Amino acid sequence: MNTQPRIYLDNAATSWPKPEVVYTTIDSYQRTIGAAAGRAGYEHAQLAQRTVENTRTACAQFLGIADPRQLSFTSNGTDALNLAIHGLLRSGDHVVTTVCEHNSVLRPLNHQVLNNGVTVTYVNCDSEGFVDPDEIAQAIQPNTRFVSVIHASNVTGAIQPIAEISRLAHERDTQMLVDAAQTAGCLPIDVEQLGIDILATGGHKGLLGPLGTGLLYVQKDLVESVRPLRQGGTGTDSQDETQPQTMPEMLESGNLNVPAIAGLGAAVKFLSDRPSADHHTRLTKLLLDQLAEIRGVRVYGPRADQPRVCVVSFAVEGYDPQEFASALDAVGGVECRAGLHCAPRMHVALGTGESGGLVRVSPGWATTDDEIARAIACVGALVAAPAT
């Protein structure tokens, strides 16, 4: 094990550490309740169900969702996106998306292209990672089922103009699917104000919940269009062999991960009492300003005064990104991500695909100014030393 003090800068992958209340809530649930939700009428089973519904309500309020029952729990953000994409698409449909998307969108869409006769248009981005809403509007066709846009890039941090894209999509009679993996918990989100019809996110990144949690919001008018990918026990209408057709049960077959859901509820309550946007903005500016002063480092993505989240990616002259990230860990205990970040089209657009991608640092709610300073010093020391 590395003996250096740990500087965790991989919050875009999963947040760490979690707030202490998340750990204690999960442990308390496991030790004192432990029952499955929605499966029995005894006291502790009812407490389990109440835990699920309290978390559902808290998450709905946090995301501006009027009816909590339009929000289903999933195992992660990828699961939520698969439920939405495969559940909505039919043979012959068309989708408009962007080159900025994560493989959690790209791969399900590619599966639909190869196996279901779906067609996809990929709208390009500019050098900072922003897409043009008008280009998305121009790509919409009469058979476009939905427009799918990542709220903020997990490579450049660029925040897309979701409200404007949604307005243009609705004017052309199509729906808006948003991957909020990098924004939920980091930015204020109101699905109604932004015009989001379907929202998918993991619960373990900016929302500060444990791994194994995710959320899928489906607007009421779209529920009948979604085909569940799983069928099974929901604890409701057990006499009927047909899968329930109402949210959230239609998408929640099998036992829910209630201990993790309890932890997610505690995390969202923590966030509600402690907004983090200003903290993230300040750390982003620190990173961008100080990286810009290191000769041989090239930062990709928006400026500090442009719409962005706390994800900063860079290349170092003379270094492979994986090599540099490993050196940061070995020399300074800096834990970050390097490579293509499961977003290959984004790196092609940036011209960084053939060089193996970029080094990505992503501070979180618990990251301190001192940790940023130590990480920057480590980058500077490595750049000053000749690569071998």
# chains A, B, ... in the order shown; residues from 1 in each chain; ligands from 1

call {"tool": "residues_around", "arguments": {"residues": "Leu71 (chain A)", "least_positions_apart": "3", "cutoff": "7 Å", "atoms": "only C-alpha atoms", "output": "PDB file with N, CA, C and O atoms, in the first residue's frame"}}
result
ATOM      1  N   ARG A  56     -37.267   7.927  -1.330  1.00  0.00           N
ATOM      2  CA  ARG A  56     -37.849   8.286  -2.633  1.00  0.00           C
ATOM      3  C   ARG A  56     -38.370   9.730  -2.597  1.00  0.00           C
ATOM      4  O   ARG A  56     -38.139  10.513  -3.522  1.00  0.00           O
ATOM      5  N   ALA A  60     -36.930  12.861  -4.732  1.00  0.00           N
ATOM      6  CA  ALA A  60     -37.847  13.571  -5.624  1.00  0.00           C
ATOM      7  C   ALA A  60     -37.831  15.065  -5.329  1.00  0.00           C
ATOM      8  O   ALA A  60     -37.733  15.898  -6.243  1.00  0.00           O
ATOM      9  N   PRO A  68     -43.318  11.702  -6.155  1.00  0.00           N
ATOM     10  CA  PRO A  68     -42.221  10.753  -5.908  1.00  0.00           C
ATOM     11  C   PRO A  68     -42.413   9.408  -6.596  1.00  0.00           C
ATOM     12  O   PRO A  68     -41.422   8.715  -6.873  1.00  0.00           O
ATOM     13  N   LEU A 215     -31.143   6.140  -9.829  1.00  0.00           N
ATOM     14  CA  LEU A 215     -32.487   6.696  -9.895  1.00  0.00           C
ATOM     15  C   LEU A 215     -32.902   6.866 -11.349  1.00  0.00           C
ATOM     16  O   LEU A 215     -32.089   7.263 -12.194  1.00  0.00           O
ATOM     17  N   LEU A 216     -34.178   6.577 -11.627  1.00  0.00           N
ATOM     18  CA  LEU A 216     -34.741   6.838 -12.945  1.00  0.00           C
ATOM     19  C   LEU A 216     -36.078   7.534 -12.773  1.00  0.00           C
ATOM     20  O   LEU A 216     -37.002   6.993 -12.172  1.00  0.00           O
ATOM     21  N   TYR A 217     -36.164   8.750 -13.303  1.00  0.00           N
ATOM     22  CA  TYR A 217     -37.411   9.511 -13.316  1.00  0.00           C
ATOM     23  C   TYR A 217     -38.032   9.396 -14.698  1.00  0.00           C
ATOM     24  O   TYR A 217     -37.362   9.591 -15.712  1.00  0.00           O
ATOM     25  N   VAL A 218     -39.333   9.072 -14.725  1.00  0.00           N
ATOM     26  CA  VAL A 218     -40.081   9.016 -15.979  1.00  0.00           C
ATOM     27  C   VAL A 218     -41.314   9.889 -15.824  1.00  0.00           C
ATOM     28  O   VAL A 218     -42.128   9.685 -14.908  1.00  0.00           O
ATOM     29  N   PRO A 248     -43.793   3.252  -9.124  1.00  0.00           N
ATOM     30  CA  PRO A 248     -42.442   2.801  -9.480  1.00  0.00           C
ATOM     31  C   PRO A 248     -42.315   1.288  -9.611  1.00  0.00           C
ATOM     32  O   PRO A 248     -41.287   0.781 -10.019  1.00  0.00           O
TER      33      PRO A 248
END

call {"tool": "residues_around", "arguments": {"residues": "His347 (chain A)", "least_positions_apart": "3", "cutoff": "12 Å", "atoms": "only C-alpha atoms", "output": "PDB file with N, CA, C and O atoms, in the first residue's frame"}}
result
ATOM      1  N   VAL A  99     -21.740  13.523 -29.134  1.00  0.00           N
ATOM      2  CA  VAL A  99     -20.457  12.824 -29.015  1.00  0.00           C
ATOM      3  C   VAL A  99     -19.937  12.870 -27.581  1.00  0.00           C
ATOM      4  O   VAL A  99     -18.949  12.209 -27.260  1.00  0.00           O
ATOM      5  N   CYS A 100     -20.593  13.637 -26.735  1.00  0.00           N
ATOM      6  CA  CYS A 100     -20.131  13.804 -25.346  1.00  0.00           C
ATOM      7  C   CYS A 100     -20.574  12.672 -24.434  1.00  0.00           C
ATOM      8  O   CYS A 100     -20.157  12.624 -23.265  1.00  0.00           O
ATOM      9  N   GLU A 101     -21.404  11.757 -24.943  1.00  0.00           N
ATOM     10  CA  GLU A 101     -22.045  10.781 -24.059  1.00  0.00           C
ATOM     11  C   GLU A 101     -21.084   9.722 -23.537  1.00  0.00           C
ATOM     12  O   GLU A 101     -20.076   9.377 -24.158  1.00  0.00           O
ATOM     13  N   HIS A 102     -21.461   9.179 -22.408  1.00  0.00           N
ATOM     14  CA  HIS A 102     -20.781   8.056 -21.753  1.00  0.00           C
ATOM     15  C   HIS A 102     -21.207   6.755 -22.426  1.00  0.00           C
ATOM     16  O   HIS A 102     -22.256   6.678 -23.072  1.00  0.00           O
ATOM     17  N   ASN A 124     -21.994  16.886 -32.864  1.00  0.00           N
ATOM     18  CA  ASN A 124     -20.644  17.176 -32.403  1.00  0.00           C
ATOM     19  C   ASN A 124     -20.652  18.276 -31.338  1.00  0.00           C
ATOM     20  O   ASN A 124     -21.668  18.926 -31.087  1.00  0.00           O
ATOM     21  N   CYS A 125     -19.490  18.465 -30.715  1.00  0.00           N
ATOM     22  CA  CYS A 125     -19.319  19.534 -29.730  1.00  0.00           C
ATOM     23  C   CYS A 125     -18.177  20.435 -30.177  1.00  0.00           C
ATOM     24  O   CYS A 125     -17.418  20.097 -31.089  1.00  0.00           O
ATOM     25  N   ASP A 126     -18.032  21.576 -29.493  1.00  0.00           N
ATOM     26  CA  ASP A 126     -16.907  22.447 -29.810  1.00  0.00           C
ATOM     27  C   ASP A 126     -15.676  22.015 -29.021  1.00  0.00           C
ATOM     28  O   ASP A 126     -15.693  20.998 -28.310  1.00  0.00           O
ATOM     29  N   SER A 127     -14.607  22.786 -29.113  1.00  0.00           N
ATOM     30  CA  SER A 127     -13.340  22.374 -28.504  1.00  0.00           C
ATOM     31  C   SER A 127     -13.387  22.353 -26.985  1.00  0.00           C
ATOM     32  O   SER A 127     -12.523  21.749 -26.345  1.00  0.00           O
ATOM     33  N   GLU A 128     -14.377  22.997 -26.390  1.00  0.00           N
ATOM     34  CA  GLU A 128     -14.504  23.004 -24.938  1.00  0.00           C
ATOM     35  C   GLU A 128     -15.505  21.980 -24.423  1.00  0.00           C
ATOM     36  O   GLU A 128     -15.679  21.835 -23.217  1.00  0.00           O
ATOM     37  N   GLY A 129     -16.196  21.320 -25.362  1.00  0.00           N
ATOM     38  CA  GLY A 129     -17.124  20.273 -24.967  1.00  0.00           C
ATOM     39  C   GLY A 129     -18.582  20.673 -24.953  1.00  0.00           C
ATOM     40  O   GLY A 129     -19.431  19.892 -24.513  1.00  0.00           O
ATOM     41  N   SER A 153     -20.352  16.817 -19.042  1.00  0.00           N
ATOM     42  CA  SER A 153     -19.386  15.826 -19.520  1.00  0.00           C
ATOM     43  C   SER A 153     -18.518  15.312 -18.374  1.00  0.00           C
ATOM     44  O   SER A 153     -18.042  16.084 -17.540  1.00  0.00           O
ATOM     45  N   ASN A 154     -18.298  14.003 -18.364  1.00  0.00           N
ATOM     46  CA  ASN A 154     -17.389  13.424 -17.370  1.00  0.00           C
ATOM     47  C   ASN A 154     -15.931  13.548 -17.815  1.00  0.00           C
ATOM     48  O   ASN A 154     -15.038  13.091 -17.106  1.00  0.00           O
ATOM     49  N   VAL A 155     -15.695  14.190 -18.958  1.00  0.00           N
ATOM     50  CA  VAL A 155     -14.333  14.423 -19.453  1.00  0.00           C
ATOM     51  C   VAL A 155     -13.948  15.894 -19.320  1.00  0.00           C
ATOM     52  O   VAL A 155     -12.928  16.231 -18.725  1.00  0.00           O
ATOM     53  N   THR A 156     -14.767  16.786 -19.862  1.00  0.00           N
ATOM     54  CA  THR A 156     -14.442  18.213 -19.844  1.00  0.00           C
ATOM     55  C   THR A 156     -15.141  18.971 -18.727  1.00  0.00           C
ATOM     56  O   THR A 156     -14.739  20.091 -18.401  1.00  0.00           O
ATOM     57  N   TYR A 300      -8.042  20.675 -20.828  1.00  0.00           N
ATOM     58  CA  TYR A 300      -9.141  20.624 -21.790  1.00  0.00           C
ATOM     59  C   TYR A 300     -10.445  21.000 -21.094  1.00  0.00           C
ATOM     60  O   TYR A 300     -10.621  20.727 -19.903  1.00  0.00           O
ATOM     61  N   GLY A 301     -11.344  21.616 -21.871  1.00  0.00           N
ATOM     62  CA  GLY A 301     -12.643  21.938 -21.313  1.00  0.00           C
ATOM     63  C   GLY A 301     -12.839  23.424 -21.098  1.00  0.00           C
ATOM     64  O   GLY A 301     -11.986  24.250 -21.441  1.00  0.00           O
ATOM     65  N   SER A 313      -9.737  17.814 -16.752  1.00  0.00           N
ATOM     66  CA  SER A 313      -8.910  16.845 -17.471  1.00  0.00           C
ATOM     67  C   SER A 313      -7.760  17.546 -18.175  1.00  0.00           C
ATOM     68  O   SER A 313      -7.931  18.644 -18.714  1.00  0.00           O
ATOM     69  N   PHE A 314      -6.613  16.884 -18.183  1.00  0.00           N
ATOM     70  CA  PHE A 314      -5.431  17.507 -18.778  1.00  0.00           C
ATOM     71  C   PHE A 314      -4.490  16.455 -19.351  1.00  0.00           C
ATOM     72  O   PHE A 314      -4.549  15.270 -19.009  1.00  0.00           O
ATOM     73  N   ALA A 315      -3.620  16.929 -20.232  1.00  0.00           N
ATOM     74  CA  ALA A 315      -2.556  16.102 -20.797  1.00  0.00           C
ATOM     75  C   ALA A 315      -1.221  16.685 -20.360  1.00  0.00           C
ATOM     76  O   ALA A 315      -1.103  17.890 -20.127  1.00  0.00           O
ATOM     77  N   GLY A 339      -7.269   7.944 -18.975  1.00  0.00           N
ATOM     78  CA  GLY A 339      -7.719   7.115 -20.086  1.00  0.00           C
ATOM     79  C   GLY A 339      -8.834   7.793 -20.850  1.00  0.00           C
ATOM     80  O   GLY A 339      -8.885   9.018 -20.970  1.00  0.00           O
ATOM     81  N   LEU A 340      -9.750   6.981 -21.360  1.00  0.00           N
ATOM     82  CA  LEU A 340     -10.854   7.479 -22.187  1.00  0.00           C
ATOM     83  C   LEU A 340     -12.118   7.742 -21.388  1.00  0.00           C
ATOM     84  O   LEU A 340     -13.105   8.249 -21.934  1.00  0.00           O
ATOM     85  N   HIS A 341     -12.146   7.357 -20.126  1.00  0.00           N
ATOM     86  CA  HIS A 341     -13.257   7.664 -19.216  1.00  0.00           C
ATOM     87  C   HIS A 341     -14.599   7.163 -19.739  1.00  0.00           C
ATOM     88  O   HIS A 341     -15.649   7.784 -19.483  1.00  0.00           O
ATOM     89  N   CYS A 342     -14.583   6.046 -20.462  1.00  0.00           N
ATOM     90  CA  CYS A 342     -15.807   5.439 -21.022  1.00  0.00           C
ATOM     91  C   CYS A 342     -16.559   6.422 -21.922  1.00  0.00           C
ATOM     92  O   CYS A 342     -17.781   6.343 -22.045  1.00  0.00           O
ATOM     93  N   ALA A 343     -15.836   7.350 -22.531  1.00  0.00           N
ATOM     94  CA  ALA A 343     -16.457   8.350 -23.415  1.00  0.00           C
ATOM     95  C   ALA A 343     -15.615   8.489 -24.680  1.00  0.00           C
ATOM     96  O   ALA A 343     -15.020   9.538 -24.937  1.00  0.00           O
ATOM     97  N   PRO A 344     -15.544   7.435 -25.498  1.00  0.00           N
ATOM     98  CA  PRO A 344     -14.602   7.441 -26.623  1.00  0.00           C
ATOM     99  C   PRO A 344     -14.876   8.515 -27.665  1.00  0.00           C
ATOM    100  O   PRO A 344     -13.945   9.094 -28.223  1.00  0.00           O
ATOM    101  N   LEU A 350     -12.129  15.718 -29.125  1.00  0.00           N
ATOM    102  CA  LEU A 350     -11.084  16.560 -28.553  1.00  0.00           C
ATOM    103  C   LEU A 350      -9.715  16.315 -29.189  1.00  0.00           C
ATOM    104  O   LEU A 350      -8.775  17.069 -28.955  1.00  0.00           O
ATOM    105  N   GLY A 351      -9.600  15.227 -29.968  1.00  0.00           N
ATOM    106  CA  GLY A 351      -8.316  14.874 -30.565  1.00  0.00           C
ATOM    107  C   GLY A 351      -7.375  14.182 -29.609  1.00  0.00           C
ATOM    108  O   GLY A 351      -6.154  14.162 -29.825  1.00  0.00           O
ATOM    109  N   THR A 352      -7.927  13.584 -28.530  1.00  0.00           N
ATOM    110  CA  THR A 352      -7.089  12.939 -27.516  1.00  0.00           C
ATOM    111  C   THR A 352      -7.242  11.422 -27.503  1.00  0.00           C
ATOM    112  O   THR A 352      -6.655  10.752 -26.646  1.00  0.00           O
ATOM    113  N   GLY A 353      -8.003  10.890 -28.435  1.00  0.00           N
ATOM    114  CA  GLY A 353      -8.249   9.449 -28.437  1.00  0.00           C
ATOM    115  C   GLY A 353      -7.011   8.632 -28.746  1.00  0.00           C
ATOM    116  O   GLY A 353      -6.718   7.643 -28.068  1.00  0.00           O
ATOM    117  N   GLU A 354      -6.267   9.042 -29.756  1.00  0.00           N
ATOM    118  CA  GLU A 354      -5.114   8.248 -30.183  1.00  0.00           C
ATOM    119  C   GLU A 354      -3.956   8.324 -29.185  1.00  0.00           C
ATOM    120  O   GLU A 354      -3.098   7.441 -29.164  1.00  0.00           O
ATOM    121  N   SER A 355      -3.940   9.340 -28.345  1.00  0.00           N
ATOM    122  CA  SER A 355      -2.874   9.465 -27.337  1.00  0.00           C
ATOM    123  C   SER A 355      -3.235   8.803 -26.016  1.00  0.00           C
ATOM    124  O   SER A 355      -2.520   8.958 -25.033  1.00  0.00           O
ATOM    125  N   GLY A 356      -4.349   8.075 -26.007  1.00  0.00           N
ATOM    126  CA  GLY A 356      -4.735   7.340 -24.796  1.00  0.00           C
ATOM    127  C   GLY A 356      -5.617   8.100 -23.845  1.00  0.00           C
ATOM    128  O   GLY A 356      -5.844   7.665 -22.716  1.00  0.00           O
ATOM    129  N   GLY A 357      -6.122   9.262 -24.277  1.00  0.00           N
ATOM    130  CA  GLY A 357      -7.046  10.009 -23.436  1.00  0.00           C
ATOM    131  C   GLY A 357      -6.364  11.082 -22.611  1.00  0.00           C
ATOM    132  O   GLY A 357      -5.371  11.674 -23.030  1.00  0.00           O
ATOM    133  N   LEU A 358      -6.887  11.314 -21.410  1.00  0.00           N
ATOM    134  CA  LEU A 358      -6.425  12.399 -20.556  1.00  0.00           C
ATOM    135  C   LEU A 358      -6.331  11.938 -19.107  1.00  0.00           C
ATOM    136  O   LEU A 358      -6.872  10.896 -18.733  1.00  0.00           O
ATOM    137  N   VAL A 359      -5.663  12.741 -18.298  1.00  0.00           N
ATOM    138  CA  VAL A 359      -5.675  12.577 -16.844  1.00  0.00           C
ATOM    139  C   VAL A 359      -6.829  13.414 -16.305  1.00  0.00           C
ATOM    140  O   VAL A 359      -6.971  14.584 -16.677  1.00  0.00           O
TER     141      VAL A 359
END

call {"tool": "residues_around", "arguments": {"residues": "Pro19 (chain A)", "least_positions_apart": "2", "cutoff": "12 Å", "atoms": "only C-alpha atoms", "output": "short mmCIF file (atom, residue, chain, number, x, y, z; two decimals) with all heavy atoms, in the first residue's frame"}}
result
data_model
loop_
_atom_site.label_atom_id
_atom_site.label_comp_id
_atom_site.auth_asym_id
_atom_site.auth_seq_id
_atom_site.Cartn_x
_atom_site.Cartn_y
_atom_site.Cartn_z
N SER A 15 -18.04 9.11 -5.24
CA SER A 15 -17.63 10.03 -4.18
C SER A 15 -17.05 9.26 -3.00
O SER A 15 -17.50 8.16 -2.65
CB SER A 15 -18.83 10.86 -3.71
OG SER A 15 -19.90 10.03 -3.30
N TRP A 16 -16.01 9.85 -2.44
CA TRP A 16 -15.39 9.32 -1.22
C TRP A 16 -14.63 10.46 -0.56
O TRP A 16 -14.01 11.26 -1.26
CB TRP A 16 -14.42 8.17 -1.53
CG TRP A 16 -13.89 7.55 -0.27
CD1 TRP A 16 -14.46 6.53 0.44
CD2 TRP A 16 -12.71 7.93 0.44
NE1 TRP A 16 -13.70 6.26 1.55
CE2 TRP A 16 -12.62 7.10 1.59
CE3 TRP A 16 -11.72 8.89 0.25
CZ2 TRP A 16 -11.59 7.21 2.51
CZ3 TRP A 16 -10.68 9.02 1.17
CH2 TRP A 16 -10.63 8.17 2.29
N PRO A 17 -14.67 10.54 0.77
CA PRO A 17 -15.48 9.72 1.67
C PRO A 17 -16.95 10.12 1.60
O PRO A 17 -17.28 11.18 1.06
CB PRO A 17 -14.88 10.06 3.04
CG PRO A 17 -14.42 11.48 2.89
CD PRO A 17 -13.90 11.58 1.49
N VAL A 21 -22.88 10.32 8.35
CA VAL A 21 -24.26 9.88 8.56
C VAL A 21 -24.65 8.76 7.58
O VAL A 21 -25.51 7.93 7.89
CB VAL A 21 -25.23 11.08 8.44
CG1 VAL A 21 -25.29 11.62 7.02
CG2 VAL A 21 -26.61 10.70 8.93
N VAL A 22 -24.00 8.71 6.41
CA VAL A 22 -24.29 7.63 5.46
C VAL A 22 -23.83 6.29 6.03
O VAL A 22 -24.56 5.29 6.02
CB VAL A 22 -23.62 7.91 4.10
CG1 VAL A 22 -23.80 6.73 3.15
CG2 VAL A 22 -24.18 9.19 3.50
N TYR A 23 -22.62 6.27 6.59
CA TYR A 23 -22.10 5.03 7.18
C TYR A 23 -22.96 4.57 8.36
O TYR A 23 -23.31 3.40 8.47
CB TYR A 23 -20.66 5.24 7.65
CG TYR A 23 -19.69 5.68 6.58
CD1 TYR A 23 -18.90 6.81 6.77
CD2 TYR A 23 -19.55 4.99 5.38
CE1 TYR A 23 -18.00 7.23 5.80
CE2 TYR A 23 -18.66 5.41 4.41
CZ TYR A 23 -17.89 6.52 4.63
OH TYR A 23 -16.99 6.93 3.67
N THR A 24 -23.29 5.49 9.23
CA THR A 24 -24.05 5.11 10.44
C THR A 24 -25.46 4.67 10.09
O THR A 24 -26.01 3.76 10.72
CB THR A 24 -24.08 6.26 11.45
OG1 THR A 24 -24.65 7.43 10.83
CG2 THR A 24 -22.67 6.61 11.92
N THR A 25 -26.06 5.32 9.08
CA THR A 25 -27.42 4.94 8.69
C THR A 25 -27.46 3.53 8.10
O THR A 25 -28.35 2.73 8.43
CB THR A 25 -27.98 5.95 7.68
OG1 THR A 25 -28.04 7.25 8.28
CG2 THR A 25 -29.37 5.56 7.21
N ILE A 26 -26.51 3.21 7.23
CA ILE A 26 -26.47 1.87 6.65
C ILE A 26 -26.24 0.83 7.73
O ILE A 26 -26.93 -0.21 7.78
CB ILE A 26 -25.37 1.78 5.58
CG1 ILE A 26 -25.70 2.69 4.39
CG2 ILE A 26 -25.17 0.34 5.09
CD1 ILE A 26 -24.56 2.83 3.39
N HIS A 204 -24.33 7.38 -6.23
CA HIS A 204 -23.07 7.25 -5.49
C HIS A 204 -22.03 8.31 -5.85
O HIS A 204 -20.93 8.30 -5.31
CB HIS A 204 -22.46 5.87 -5.76
CG HIS A 204 -22.13 5.63 -7.20
ND1 HIS A 204 -20.86 5.80 -7.70
CD2 HIS A 204 -22.91 5.25 -8.23
CE1 HIS A 204 -20.87 5.52 -9.00
NE2 HIS A 204 -22.11 5.19 -9.35
N GLY A 206 -22.22 12.57 -7.05
CA GLY A 206 -22.52 13.82 -6.36
C GLY A 206 -23.60 13.71 -5.31
O GLY A 206 -23.66 14.54 -4.40
N LEU A 207 -24.47 12.72 -5.41
CA LEU A 207 -25.50 12.53 -4.39
C LEU A 207 -24.95 11.93 -3.10
O LEU A 207 -25.66 11.85 -2.10
CB LEU A 207 -26.64 11.66 -4.93
CG LEU A 207 -27.53 12.34 -5.98
CD1 LEU A 207 -28.53 11.34 -6.56
CD2 LEU A 207 -28.27 13.54 -5.39
N LEU A 208 -23.71 11.45 -3.13
CA LEU A 208 -22.96 11.00 -1.95
C LEU A 208 -23.49 9.73 -1.30
O LEU A 208 -23.11 9.39 -0.18
CB LEU A 208 -22.89 12.12 -0.88
CG LEU A 208 -22.35 13.47 -1.34
CD1 LEU A 208 -22.26 14.42 -0.16
CD2 LEU A 208 -20.99 13.32 -2.00
N GLY A 209 -24.36 9.01 -2.01
CA GLY A 209 -24.85 7.73 -1.49
C GLY A 209 -23.86 6.62 -1.77
O GLY A 209 -22.80 6.83 -2.37
N PRO A 210 -24.18 5.41 -1.32
CA PRO A 210 -23.29 4.27 -1.53
C PRO A 210 -23.37 3.73 -2.96
O PRO A 210 -24.33 4.00 -3.69
CB PRO A 210 -23.81 3.23 -0.53
CG PRO A 210 -25.24 3.57 -0.34
CD PRO A 210 -25.34 5.07 -0.49
N GLY A 263 -28.90 4.62 3.07
CA GLY A 263 -27.72 5.48 3.03
C GLY A 263 -27.88 6.63 2.07
O GLY A 263 -27.45 7.76 2.34
N LEU A 264 -28.51 6.37 0.91
CA LEU A 264 -28.76 7.43 -0.07
C LEU A 264 -29.68 8.49 0.52
O LEU A 264 -29.47 9.70 0.33
CB LEU A 264 -29.36 6.84 -1.34
CG LEU A 264 -29.76 7.83 -2.44
CD1 LEU A 264 -28.57 8.65 -2.90
CD2 LEU A 264 -30.40 7.09 -3.62
N GLY A 265 -30.70 8.05 1.25
CA GLY A 265 -31.61 9.01 1.88
C GLY A 265 -30.88 9.91 2.86
O GLY A 265 -31.12 11.13 2.91
N ALA A 266 -29.97 9.32 3.64
CA ALA A 266 -29.19 10.12 4.59
C ALA A 266 -28.29 11.10 3.85
O ALA A 266 -28.09 12.24 4.29
CB ALA A 266 -28.36 9.19 5.48
N ALA A 267 -27.72 10.65 2.72
CA ALA A 267 -26.83 11.52 1.94
C ALA A 267 -27.59 12.71 1.36
O ALA A 267 -27.10 13.86 1.39
CB ALA A 267 -26.18 10.72 0.83
N VAL A 268 -28.78 12.47 0.83
CA VAL A 268 -29.56 13.55 0.23
C VAL A 268 -30.00 14.55 1.31
O VAL A 268 -30.00 15.77 1.08
CB VAL A 268 -30.78 12.97 -0.53
CG1 VAL A 268 -31.76 14.07 -0.93
CG2 VAL A 268 -30.30 12.21 -1.76
N LYS A 269 -30.33 14.05 2.49
CA LYS A 269 -30.66 14.95 3.60
C LYS A 269 -29.43 15.80 3.94
O LYS A 269 -29.54 17.02 4.17
CB LYS A 269 -31.10 14.13 4.81
CG LYS A 269 -31.32 14.94 6.10
CD LYS A 269 -32.48 15.90 5.95
CE LYS A 269 -32.97 16.44 7.29
NZ LYS A 269 -31.93 17.12 8.07
N PHE A 270 -28.27 15.19 3.97
CA PHE A 270 -27.02 15.92 4.23
C PHE A 270 -26.81 17.01 3.19
O PHE A 270 -26.48 18.15 3.53
CB PHE A 270 -25.85 14.92 4.23
CG PHE A 270 -24.50 15.56 4.35
CD1 PHE A 270 -23.93 15.83 5.59
CD2 PHE A 270 -23.76 15.89 3.22
CE1 PHE A 270 -22.68 16.40 5.71
CE2 PHE A 270 -22.50 16.46 3.32
CZ PHE A 270 -21.97 16.73 4.57
N LEU A 271 -27.01 16.68 1.92
CA LEU A 271 -26.82 17.66 0.86
C LEU A 271 -27.85 18.79 0.93
O LEU A 271 -27.53 19.94 0.63
CB LEU A 271 -26.93 16.98 -0.50
CG LEU A 271 -25.70 16.19 -0.97
CD1 LEU A 271 -26.04 15.39 -2.21
CD2 LEU A 271 -24.54 17.14 -1.26
N ARG A 274 -26.67 21.24 3.23
CA ARG A 274 -25.31 21.74 3.00
C ARG A 274 -25.04 21.83 1.49
O ARG A 274 -24.35 20.99 0.92
CB ARG A 274 -24.31 20.78 3.66
CG ARG A 274 -22.85 21.22 3.63
CD ARG A 274 -22.00 20.11 4.25
NE ARG A 274 -20.59 20.46 4.35
CZ ARG A 274 -19.71 20.35 3.39
NH1 ARG A 274 -20.09 19.89 2.21
NH2 ARG A 274 -18.44 20.68 3.58
N GLY A 364 -14.26 16.54 -4.56
CA GLY A 364 -15.60 16.33 -4.04
C GLY A 364 -15.90 17.21 -2.85
O GLY A 364 -15.15 18.14 -2.52
N TRP A 365 -16.99 16.89 -2.18
CA TRP A 365 -17.48 17.73 -1.08
C TRP A 365 -16.47 17.85 0.06
O TRP A 365 -16.40 18.87 0.74
CB TRP A 365 -18.79 17.16 -0.54
CG TRP A 365 -18.61 15.90 0.27
CD1 TRP A 365 -18.49 14.63 -0.21
CD2 TRP A 365 -18.50 15.81 1.69
NE1 TRP A 365 -18.32 13.75 0.81
CE2 TRP A 365 -18.33 14.44 2.00
CE3 TRP A 365 -18.53 16.73 2.73
CZ2 TRP A 365 -18.18 13.97 3.30
CZ3 TRP A 365 -18.39 16.27 4.03
CH2 TRP A 365 -18.22 14.92 4.31
N ALA A 366 -15.65 16.79 0.25
CA ALA A 366 -14.72 16.77 1.38
C ALA A 366 -13.31 17.20 1.00
O ALA A 366 -12.44 17.27 1.87
CB ALA A 366 -14.69 15.37 1.99
#

call {"tool": "residues_around", "arguments": {"residues": "Ala180 (chain A)", "least_positions_apart": "3", "cutoff": "6 Å", "atoms": "only C-alpha atoms", "output": "ChimeraX atom specification"}}
result
/A:151,183-184,200-201

call {"tool": "write_last_selection", "arguments": {"atoms": "all heavy atoms", "output": "compact mmCIF listing (two decimals), in the first residue's frame"}}
result
# COMPACT_ATOMS: atom_id res chain seq x y z
N HIS A 151 -25.88 15.75 -19.03
CA HIS A 151 -26.02 17.09 -18.45
C HIS A 151 -24.67 17.79 -18.35
O HIS A 151 -24.54 18.96 -18.68
CB HIS A 151 -26.67 16.98 -17.06
CG HIS A 151 -27.19 18.27 -16.54
ND1 HIS A 151 -27.87 18.37 -15.35
CD2 HIS A 151 -27.15 19.54 -17.04
CE1 HIS A 151 -28.21 19.63 -15.14
NE2 HIS A 151 -27.80 20.35 -16.14
N THR A 183 -24.02 15.67 -12.46
CA THR A 183 -24.61 16.91 -11.96
C THR A 183 -25.50 16.72 -10.75
O THR A 183 -25.60 17.63 -9.92
CB THR A 183 -25.42 17.61 -13.06
OG1 THR A 183 -26.36 16.68 -13.61
CG2 THR A 183 -24.51 18.13 -14.16
N ALA A 184 -26.17 15.58 -10.63
CA ALA A 184 -27.07 15.37 -9.50
C ALA A 184 -26.27 15.44 -8.20
O ALA A 184 -25.31 14.70 -7.99
CB ALA A 184 -27.76 14.02 -9.61
N ALA A 200 -31.84 10.08 -15.58
CA ALA A 200 -31.14 8.93 -15.00
C ALA A 200 -29.89 9.41 -14.30
O ALA A 200 -29.18 10.28 -14.80
CB ALA A 200 -30.79 7.92 -16.10
N THR A 201 -29.63 8.82 -13.14
CA THR A 201 -28.39 9.15 -12.44
C THR A 201 -28.03 8.04 -11.48
O THR A 201 -28.90 7.29 -11.03
CB THR A 201 -28.52 10.48 -11.67
OG1 THR A 201 -27.26 10.80 -11.08
CG2 THR A 201 -29.56 10.38 -10.56

call {"tool": "atom_distance", "arguments": {"atom1": "CA of Phe146 (chain A)", "atom2": "CA of Ala13 (chain A)"}}
result
26.4 Å
